[in-house]
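Read through the structure below, which is laid out as structure tokens, and then see the notes.
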Amino acid sequence: TQVTYRNVLERFRTKLGKAQIRHLKAAHIRQIIQERAKTPAAANSLLKRLRALMQFALEADLIKTDPTFSVRPIRQKTAGFHSWSEEEIEKFLDHHKPGSRAHLAFSLLLYTGQRRSDVVRMGRQHVRDGVLTIRQQKTGNEVSVPILAELAGAIAAVPADNLTFLRTAFGKPIDAAGFGNWFRAMCNDAGLPKHCSSHGLRKAAARRLAEAGCTSHEIAAITGHQSLKEVERYTRAFDRKGAGERAMEKLKTGTQSRKP
């Protein structure tokens, strides 16, 4: 995340870094953002980074008002990362069998609901009494995830020759960026579409929890989300039809129980 933010700000600095920040007005920010309207996600990302930069400038007494305050982000219709469907999950597992690094990586992502930056750090030192506990790198939150039989089987199927579960083909530690590229290749090998990503499995894990009837607080306890709004955004892909059928069945049961 830090690398991504730095790249966004560096591009801004290269183009406009010689100008004085005290001359920066809301109109300038709007123009800068509108120039990137064809890529709304990138435009809004820049706006967020500029907001943080302006907060720093305020605290350093370089400016008196925040020129980004009244600037609205560009509206975009997107659901973010694609949440893997059950068919896509089965397709990956049909191709990558237990005992392979791909199967283990997939299982760690799906059955813990964590980010790839945390998955690459997971190891046997994080497991105690059937529960995997790790402090998230991005948020600092500590999450404890009970290990399901599917994940336990995936871990048991690979050699226990390192504390860290995932290593490169040469036995070296793997970083989050390298993992993302490698996992994309594993998806390609399984014939999955481009929208299937490692982060999409985190969303699939949240969706599965929602379909199992878990509350937003329960899902957040697993995923480590600090905002329930984020949890709701992650679970938009859950089975609404099935949830509707269960809801009406509960209503039917409740109505019958009230009959004299």
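Numbering starts fresh at 1 for the residues of each chain in the structure tokens, the chains themselves are lettered A, B, ... in the order given, and ligands are numbered from 1 as they appear.
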
Can you list, as an mmCIF file with N, CA and C atoms, in the first residue's frame, every protein, DNA or RNA residue that comes within 12 Å of region 60-65 of chain A when you count only C-alpha atoms, leaving out same-chain residues fewer than 5 positions away?
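Produced file result.cif, reproduced below:
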```cif
data_model
loop_
_atom_site.group_PDB
_atom_site.id
_atom_site.type_symbol
_atom_site.label_atom_id
_atom_site.label_comp_id
_atom_site.auth_asym_id
_atom_site.auth_seq_id
_atom_site.Cartn_x
_atom_site.Cartn_y
_atom_site.Cartn_z
ATOM 1 N N GLN A 20 4.053 26.288 -5.632
ATOM 2 C CA GLN A 20 3.942 26.480 -4.192
ATOM 3 C C GLN A 20 2.573 26.014 -3.703
ATOM 4 N N ILE A 21 2.580 25.254 -2.628
ATOM 5 C CA ILE A 21 1.338 24.651 -2.148
ATOM 6 C C ILE A 21 0.342 25.699 -1.657
ATOM 7 N N ARG A 22 0.821 26.849 -1.193
ATOM 8 C CA ARG A 22 -0.099 27.875 -0.698
ATOM 9 C C ARG A 22 -0.912 28.501 -1.823
ATOM 10 N N HIS A 23 -0.494 28.279 -3.067
ATOM 11 C CA HIS A 23 -1.254 28.801 -4.211
ATOM 12 C C HIS A 23 -2.262 27.786 -4.747
ATOM 13 N N LEU A 24 -2.275 26.600 -4.184
ATOM 14 C CA LEU A 24 -3.164 25.543 -4.664
ATOM 15 C C LEU A 24 -4.590 25.795 -4.186
ATOM 16 N N LYS A 25 -5.527 25.881 -5.122
ATOM 17 C CA LYS A 25 -6.936 26.167 -4.813
ATOM 18 C C LYS A 25 -7.812 24.968 -5.169
ATOM 19 N N ALA A 26 -9.052 25.016 -4.682
ATOM 20 C CA ALA A 26 -10.005 23.939 -4.967
ATOM 21 C C ALA A 26 -10.232 23.794 -6.467
ATOM 22 N N ARG A 51 -5.679 14.605 -0.273
ATOM 23 C CA ARG A 51 -6.328 14.965 1.002
ATOM 24 C C ARG A 51 -5.361 14.720 2.170
ATOM 25 N N LEU A 53 -2.127 14.632 1.989
ATOM 26 C CA LEU A 53 -1.032 15.588 1.853
ATOM 27 C C LEU A 53 -1.437 16.959 2.395
ATOM 28 N N MET A 54 -2.683 17.368 2.111
ATOM 29 C CA MET A 54 -3.165 18.667 2.593
ATOM 30 C C MET A 54 -3.313 18.672 4.119
ATOM 31 N N GLN A 55 -3.686 17.534 4.700
ATOM 32 C CA GLN A 55 -3.767 17.449 6.163
ATOM 33 C C GLN A 55 -2.385 17.661 6.780
ATOM 34 N N SER A 70 -13.784 20.646 -0.503
ATOM 35 C CA SER A 70 -15.060 20.724 -1.229
ATOM 36 C C SER A 70 -15.047 19.960 -2.553
#
```

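On the backbone of this structure, DSSP gives strand (DSSP E) within region 51-144 of chain A to Val127, Arg128, Val131, Leu132, Thr133, Ile134, Arg135, Glu142, Val143 and Ser144 of chain A.
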
All heavy atoms of the current selection, written as a compact mmCIF listing (two decimals), in the first residue's frame:
```txt
# COMPACT_ATOMS: atom_id res chain seq x y z
N VAL A 127 -0.03 -20.82 14.59
CA VAL A 127 -1.10 -21.79 14.86
C VAL A 127 -0.94 -22.37 16.26
O VAL A 127 0.15 -22.83 16.64
CB VAL A 127 -1.09 -22.94 13.82
CG1 VAL A 127 -2.18 -23.95 14.14
CG2 VAL A 127 -1.27 -22.37 12.42
N ARG A 128 -2.02 -22.34 17.02
CA ARG A 128 -2.03 -22.94 18.34
C ARG A 128 -3.44 -23.44 18.66
O ARG A 128 -4.41 -22.69 18.52
CB ARG A 128 -1.58 -21.94 19.40
CG ARG A 128 -1.59 -22.49 20.84
CD ARG A 128 -0.96 -21.53 21.81
NE ARG A 128 0.47 -21.35 21.53
CZ ARG A 128 1.26 -20.55 22.24
NH1 ARG A 128 0.77 -19.87 23.26
NH2 ARG A 128 2.53 -20.43 21.92
N VAL A 131 -6.17 -22.88 16.04
CA VAL A 131 -6.55 -21.50 15.70
C VAL A 131 -5.33 -20.77 15.15
O VAL A 131 -4.24 -20.84 15.73
CB VAL A 131 -7.10 -20.74 16.93
CG1 VAL A 131 -7.41 -19.28 16.58
CG2 VAL A 131 -8.34 -21.44 17.47
N LEU A 132 -5.52 -20.09 14.02
CA LEU A 132 -4.44 -19.30 13.42
C LEU A 132 -4.62 -17.84 13.85
O LEU A 132 -5.65 -17.23 13.55
CB LEU A 132 -4.47 -19.42 11.89
CG LEU A 132 -3.28 -18.83 11.13
CD1 LEU A 132 -3.07 -19.59 9.81
CD2 LEU A 132 -3.48 -17.35 10.81
N THR A 133 -3.64 -17.29 14.53
CA THR A 133 -3.70 -15.91 15.02
C THR A 133 -2.58 -15.11 14.40
O THR A 133 -1.41 -15.51 14.45
CB THR A 133 -3.59 -15.87 16.55
OG1 THR A 133 -4.66 -16.64 17.13
CG2 THR A 133 -3.69 -14.43 17.05
N ILE A 134 -2.93 -13.98 13.79
CA ILE A 134 -1.92 -13.14 13.14
C ILE A 134 -2.32 -11.67 13.27
O ILE A 134 -3.52 -11.34 13.30
CB ILE A 134 -1.77 -13.52 11.65
CG1 ILE A 134 -0.52 -12.86 11.04
CG2 ILE A 134 -3.02 -13.17 10.85
CD1 ILE A 134 -0.13 -13.44 9.69
N ARG A 135 -1.33 -10.80 13.40
CA ARG A 135 -1.58 -9.36 13.44
C ARG A 135 -1.48 -8.83 12.01
O ARG A 135 -0.45 -8.97 11.36
CB ARG A 135 -0.58 -8.65 14.35
CG ARG A 135 -0.91 -7.18 14.58
CD ARG A 135 -0.07 -6.58 15.69
NE ARG A 135 -0.31 -7.22 16.97
CZ ARG A 135 -1.34 -6.94 17.76
NH1 ARG A 135 -2.23 -6.02 17.40
NH2 ARG A 135 -1.48 -7.56 18.92
N GLU A 142 -5.30 -7.70 15.37
CA GLU A 142 -5.02 -9.11 15.57
C GLU A 142 -6.29 -9.91 15.32
O GLU A 142 -7.34 -9.61 15.90
CB GLU A 142 -4.52 -9.37 16.99
CG GLU A 142 -4.09 -10.82 17.21
CD GLU A 142 -3.52 -11.06 18.59
OE1 GLU A 142 -4.31 -11.36 19.51
OE2 GLU A 142 -2.29 -10.92 18.75
N VAL A 143 -6.21 -10.90 14.45
CA VAL A 143 -7.37 -11.74 14.14
C VAL A 143 -7.03 -13.19 14.48
O VAL A 143 -5.89 -13.62 14.33
CB VAL A 143 -7.79 -11.63 12.66
CG1 VAL A 143 -8.32 -10.24 12.34
CG2 VAL A 143 -6.64 -11.97 11.73
N SER A 144 -8.03 -13.91 14.96
CA SER A 144 -7.88 -15.33 15.28
C SER A 144 -8.91 -16.11 14.48
O SER A 144 -10.11 -15.89 14.63
CB SER A 144 -8.08 -15.56 16.78
OG SER A 144 -7.06 -14.91 17.52
```

- Task: Choose the residue, out of A:Ala212, A:Ile33, A:Ala19, A:Cys196, that has the smallest atom-to-atom separation from Gly80 (chain A); count only C-alpha atoms.
- Result: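 For Gly80 (chain A), the nearest of the given residues is A:Cys196.
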
Counting only C-alpha atoms, what is within 10 Å of region 231-235 of chain A, bar same-chain residues fewer than 4 positions away, as an mmCIF file with all heavy atoms, in the first residue's frame?
```cif
data_model
loop_
_atom_site.group_PDB
_atom_site.id
_atom_site.type_symbol
_atom_site.label_atom_id
_atom_site.label_comp_id
_atom_site.auth_asym_id
_atom_site.auth_seq_id
_atom_site.Cartn_x
_atom_site.Cartn_y
_atom_site.Cartn_z
ATOM 1 N N ALA A 79 -17.970 -2.634 -8.551
ATOM 2 C CA ALA A 79 -18.098 -3.435 -7.328
ATOM 3 C C ALA A 79 -16.723 -3.761 -6.746
ATOM 4 O O ALA A 79 -16.615 -4.547 -5.815
ATOM 5 C CB ALA A 79 -18.848 -4.730 -7.640
ATOM 6 N N GLY A 80 -15.676 -3.141 -7.314
ATOM 7 C CA GLY A 80 -14.342 -3.425 -6.825
ATOM 8 C C GLY A 80 -13.852 -4.779 -7.313
ATOM 9 O O GLY A 80 -14.210 -5.240 -8.399
ATOM 10 N N PHE A 81 -13.058 -5.427 -6.506
ATOM 11 C CA PHE A 81 -12.525 -6.735 -6.879
ATOM 12 C C PHE A 81 -13.658 -7.754 -7.010
ATOM 13 O O PHE A 81 -14.602 -7.764 -6.220
ATOM 14 C CB PHE A 81 -11.524 -7.230 -5.829
ATOM 15 C CG PHE A 81 -10.196 -6.525 -5.878
ATOM 16 C CD1 PHE A 81 -9.938 -5.447 -5.049
ATOM 17 C CD2 PHE A 81 -9.203 -6.941 -6.747
ATOM 18 C CE1 PHE A 81 -8.712 -4.799 -5.077
ATOM 19 C CE2 PHE A 81 -7.976 -6.310 -6.799
ATOM 20 C CZ PHE A 81 -7.737 -5.235 -5.960
ATOM 21 N N HIS A 82 -13.531 -8.594 -8.006
ATOM 22 C CA HIS A 82 -14.528 -9.641 -8.239
ATOM 23 C C HIS A 82 -14.485 -10.670 -7.123
ATOM 24 O O HIS A 82 -13.416 -11.148 -6.734
ATOM 25 C CB HIS A 82 -14.239 -10.319 -9.588
ATOM 26 C CG HIS A 82 -14.969 -11.601 -9.798
ATOM 27 N ND1 HIS A 82 -16.323 -11.660 -10.037
ATOM 28 C CD2 HIS A 82 -14.524 -12.894 -9.794
ATOM 29 C CE1 HIS A 82 -16.686 -12.927 -10.181
ATOM 30 N NE2 HIS A 82 -15.618 -13.690 -10.037
ATOM 31 N N SER A 83 -15.650 -11.020 -6.587
ATOM 32 C CA SER A 83 -15.760 -12.079 -5.584
ATOM 33 C C SER A 83 -15.918 -13.413 -6.305
ATOM 34 O O SER A 83 -16.842 -13.596 -7.092
ATOM 35 C CB SER A 83 -16.973 -11.829 -4.674
ATOM 36 O OG SER A 83 -17.136 -12.885 -3.760
ATOM 37 N N GLY A 200 -9.866 -11.287 -4.477
ATOM 38 C CA GLY A 200 -11.234 -11.744 -4.700
ATOM 39 C C GLY A 200 -11.600 -12.932 -3.825
ATOM 40 O O GLY A 200 -12.773 -13.150 -3.514
ATOM 41 N N ARG A 202 -10.602 -13.207 -0.715
ATOM 42 C CA ARG A 202 -10.956 -12.578 0.574
ATOM 43 C C ARG A 202 -12.432 -12.184 0.566
ATOM 44 O O ARG A 202 -13.156 -12.381 1.545
ATOM 45 C CB ARG A 202 -10.056 -11.363 0.802
ATOM 46 C CG ARG A 202 -10.367 -10.532 2.051
ATOM 47 C CD ARG A 202 -9.203 -9.574 2.289
ATOM 48 N NE ARG A 202 -9.543 -8.429 3.107
ATOM 49 C CZ ARG A 202 -9.574 -8.441 4.441
ATOM 50 N NH1 ARG A 202 -9.328 -9.558 5.093
ATOM 51 N NH2 ARG A 202 -9.856 -7.343 5.117
ATOM 52 N N LYS A 203 -12.883 -11.653 -0.569
ATOM 53 C CA LYS A 203 -14.296 -11.292 -0.697
ATOM 54 C C LYS A 203 -15.174 -12.539 -0.732
ATOM 55 O O LYS A 203 -16.281 -12.549 -0.174
ATOM 56 C CB LYS A 203 -14.522 -10.448 -1.957
ATOM 57 C CG LYS A 203 -13.817 -9.103 -1.923
ATOM 58 C CD LYS A 203 -14.164 -8.234 -3.112
ATOM 59 C CE LYS A 203 -15.555 -7.637 -2.982
ATOM 60 N NZ LYS A 203 -15.805 -6.619 -4.026
ATOM 61 N N ALA A 204 -14.678 -13.598 -1.376
ATOM 62 C CA ALA A 204 -15.445 -14.843 -1.418
ATOM 63 C C ALA A 204 -15.589 -15.432 -0.020
ATOM 64 O O ALA A 204 -16.635 -15.995 0.324
ATOM 65 C CB ALA A 204 -14.767 -15.844 -2.353
ATOM 66 N N ALA A 205 -14.540 -15.309 0.796
ATOM 67 C CA ALA A 205 -14.605 -15.796 2.169
ATOM 68 C C ALA A 205 -15.669 -15.037 2.953
ATOM 69 O O ALA A 205 -16.466 -15.638 3.695
ATOM 70 C CB ALA A 205 -13.242 -15.645 2.847
ATOM 71 N N ALA A 206 -15.716 -13.711 2.779
ATOM 72 C CA ALA A 206 -16.726 -12.898 3.454
ATOM 73 C C ALA A 206 -18.124 -13.256 2.955
ATOM 74 O O ALA A 206 -19.083 -13.324 3.737
ATOM 75 C CB ALA A 206 -16.436 -11.415 3.231
ATOM 76 N N ARG A 207 -18.243 -13.488 1.645
ATOM 77 C CA ARG A 207 -19.550 -13.881 1.084
ATOM 78 C C ARG A 207 -20.028 -15.193 1.680
ATOM 79 O O ARG A 207 -21.199 -15.328 2.063
ATOM 80 C CB ARG A 207 -19.442 -14.017 -0.435
ATOM 81 C CG ARG A 207 -20.674 -14.647 -1.047
ATOM 82 C CD ARG A 207 -20.551 -14.994 -2.487
ATOM 83 N NE ARG A 207 -19.405 -15.767 -2.881
ATOM 84 C CZ ARG A 207 -19.329 -17.104 -2.826
ATOM 85 N NH1 ARG A 207 -20.328 -17.815 -2.310
ATOM 86 N NH2 ARG A 207 -18.259 -17.736 -3.257
ATOM 87 N N ARG A 208 -19.132 -16.163 1.768
ATOM 88 C CA ARG A 208 -19.507 -17.459 2.327
ATOM 89 C C ARG A 208 -19.969 -17.324 3.779
ATOM 90 O O ARG A 208 -20.925 -17.988 4.205
ATOM 91 C CB ARG A 208 -18.317 -18.415 2.256
ATOM 92 C CG ARG A 208 -18.088 -19.026 0.874
ATOM 93 C CD ARG A 208 -16.952 -20.022 0.921
ATOM 94 N NE ARG A 208 -16.984 -20.948 -0.205
ATOM 95 C CZ ARG A 208 -16.244 -22.042 -0.291
ATOM 96 N NH1 ARG A 208 -15.412 -22.349 0.704
ATOM 97 N NH2 ARG A 208 -16.331 -22.841 -1.329
ATOM 98 N N LEU A 209 -19.292 -16.492 4.536
ATOM 99 C CA LEU A 209 -19.683 -16.269 5.928
ATOM 100 C C LEU A 209 -21.080 -15.644 5.999
ATOM 101 O O LEU A 209 -21.893 -16.017 6.849
ATOM 102 C CB LEU A 209 -18.661 -15.371 6.630
ATOM 103 C CG LEU A 209 -17.287 -16.000 6.900
ATOM 104 C CD1 LEU A 209 -16.275 -14.940 7.314
ATOM 105 C CD2 LEU A 209 -17.396 -17.074 7.974
ATOM 106 N N ALA A 210 -21.347 -14.691 5.089
ATOM 107 C CA ALA A 210 -22.669 -14.061 5.063
ATOM 108 C C ALA A 210 -23.747 -15.076 4.703
ATOM 109 O O ALA A 210 -24.831 -15.096 5.303
ATOM 110 C CB ALA A 210 -22.677 -12.901 4.064
ATOM 111 N N GLU A 211 -23.456 -15.943 3.738
ATOM 112 C CA GLU A 211 -24.422 -16.961 3.322
ATOM 113 C C GLU A 211 -24.658 -17.992 4.417
ATOM 114 O O GLU A 211 -25.715 -18.625 4.464
ATOM 115 C CB GLU A 211 -23.944 -17.636 2.041
ATOM 116 C CG GLU A 211 -23.998 -16.721 0.831
ATOM 117 C CD GLU A 211 -23.396 -17.327 -0.429
ATOM 118 O OE1 GLU A 211 -22.793 -18.407 -0.343
ATOM 119 O OE2 GLU A 211 -23.531 -16.710 -1.493
ATOM 120 N N THR A 215 -23.312 -12.596 11.222
ATOM 121 C CA THR A 215 -23.576 -11.168 11.295
ATOM 122 C C THR A 215 -22.359 -10.402 10.797
ATOM 123 O O THR A 215 -21.260 -10.958 10.652
ATOM 124 C CB THR A 215 -23.876 -10.743 12.736
ATOM 125 O OG1 THR A 215 -22.673 -10.920 13.529
ATOM 126 C CG2 THR A 215 -25.008 -11.570 13.334
ATOM 127 N N SER A 216 -22.546 -9.104 10.550
ATOM 128 C CA SER A 216 -21.426 -8.269 10.096
ATOM 129 C C SER A 216 -20.311 -8.242 11.128
ATOM 130 O O SER A 216 -19.124 -8.250 10.778
ATOM 131 C CB SER A 216 -21.919 -6.847 9.812
ATOM 132 O OG SER A 216 -22.814 -6.834 8.728
ATOM 133 N N HIS A 217 -20.666 -8.227 12.415
ATOM 134 C CA HIS A 217 -19.646 -8.231 13.468
ATOM 135 C C HIS A 217 -18.859 -9.543 13.462
ATOM 136 O O HIS A 217 -17.635 -9.544 13.667
ATOM 137 C CB HIS A 217 -20.301 -8.022 14.842
ATOM 138 C CG HIS A 217 -20.712 -6.615 15.098
ATOM 139 N ND1 HIS A 217 -21.976 -6.140 14.805
ATOM 140 C CD2 HIS A 217 -20.026 -5.554 15.609
ATOM 141 C CE1 HIS A 217 -22.061 -4.862 15.125
ATOM 142 N NE2 HIS A 217 -20.896 -4.480 15.617
ATOM 143 N N GLU A 218 -19.553 -10.642 13.230
ATOM 144 C CA GLU A 218 -18.877 -11.945 13.189
ATOM 145 C C GLU A 218 -17.931 -12.039 11.998
ATOM 146 O O GLU A 218 -16.817 -12.572 12.106
ATOM 147 C CB GLU A 218 -19.918 -13.061 13.142
ATOM 148 C CG GLU A 218 -20.667 -13.241 14.456
ATOM 149 C CD GLU A 218 -21.854 -14.186 14.339
ATOM 150 O OE1 GLU A 218 -22.389 -14.341 13.207
ATOM 151 O OE2 GLU A 218 -22.256 -14.749 15.361
ATOM 152 N N ILE A 219 -18.385 -11.515 10.852
ATOM 153 C CA ILE A 219 -17.533 -11.528 9.658
ATOM 154 C C ILE A 219 -16.299 -10.651 9.886
ATOM 155 O O ILE A 219 -15.173 -11.031 9.549
ATOM 156 C CB ILE A 219 -18.322 -11.048 8.424
ATOM 157 C CG1 ILE A 219 -19.464 -12.020 8.122
ATOM 158 C CG2 ILE A 219 -17.408 -10.912 7.209
ATOM 159 C CD1 ILE A 219 -20.426 -11.534 7.061
ATOM 160 N N ALA A 220 -16.501 -9.477 10.495
ATOM 161 C CA ALA A 220 -15.387 -8.565 10.766
ATOM 162 C C ALA A 220 -14.382 -9.185 11.719
ATOM 163 O O ALA A 220 -13.181 -8.894 11.651
ATOM 164 C CB ALA A 220 -15.912 -7.248 11.333
ATOM 165 N N THR A 223 -12.299 -11.274 9.149
ATOM 166 C CA THR A 223 -11.582 -10.513 8.129
ATOM 167 C C THR A 223 -10.724 -9.392 8.712
ATOM 168 O O THR A 223 -9.779 -8.939 8.070
ATOM 169 C CB THR A 223 -12.566 -9.895 7.121
ATOM 170 O OG1 THR A 223 -13.441 -8.982 7.813
ATOM 171 C CG2 THR A 223 -13.404 -10.976 6.446
ATOM 172 N N GLY A 224 -11.080 -8.935 9.918
ATOM 173 C CA GLY A 224 -10.317 -7.850 10.529
ATOM 174 C C GLY A 224 -10.729 -6.470 10.071
ATOM 175 O O GLY A 224 -10.049 -5.488 10.385
ATOM 176 N N HIS A 225 -11.845 -6.365 9.338
ATOM 177 C CA HIS A 225 -12.312 -5.047 8.905
ATOM 178 C C HIS A 225 -12.652 -4.174 10.113
ATOM 179 O O HIS A 225 -13.260 -4.650 11.075
ATOM 180 C CB HIS A 225 -13.551 -5.172 8.014
ATOM 181 C CG HIS A 225 -13.237 -5.561 6.614
ATOM 182 N ND1 HIS A 225 -13.539 -6.801 6.080
ATOM 183 C CD2 HIS A 225 -12.634 -4.870 5.609
ATOM 184 C CE1 HIS A 225 -13.147 -6.851 4.818
ATOM 185 N NE2 HIS A 225 -12.595 -5.697 4.510
ATOM 186 N N GLN A 226 -12.278 -2.907 10.053
ATOM 187 C CA GLN A 226 -12.587 -1.977 11.132
ATOM 188 C C GLN A 226 -13.941 -1.310 10.936
ATOM 189 O O GLN A 226 -14.517 -0.774 11.868
ATOM 190 C CB GLN A 226 -11.487 -0.915 11.231
ATOM 191 C CG GLN A 226 -10.125 -1.495 11.615
ATOM 192 C CD GLN A 226 -9.024 -0.460 11.578
ATOM 193 O OE1 GLN A 226 -8.810 0.209 10.560
ATOM 194 N NE2 GLN A 226 -8.311 -0.306 12.678
ATOM 195 N N SER A 227 -14.455 -1.343 9.713
ATOM 196 C CA SER A 227 -15.717 -0.701 9.384
ATOM 197 C C SER A 227 -16.740 -1.739 8.935
ATOM 198 O O SER A 227 -16.456 -2.557 8.051
ATOM 199 C CB SER A 227 -15.507 0.343 8.271
ATOM 200 O OG SER A 227 -16.734 0.730 7.693
ATOM 201 N N ASP A 239 -25.548 -14.874 -1.769
ATOM 202 C CA ASP A 239 -26.707 -15.477 -2.430
ATOM 203 C C ASP A 239 -28.007 -14.854 -1.912
ATOM 204 O O ASP A 239 -28.574 -15.314 -0.921
ATOM 205 C CB ASP A 239 -26.701 -16.995 -2.185
ATOM 206 C CG ASP A 239 -27.846 -17.701 -2.895
ATOM 207 O OD1 ASP A 239 -28.570 -17.046 -3.660
ATOM 208 O OD2 ASP A 239 -28.012 -18.909 -2.670
#
```
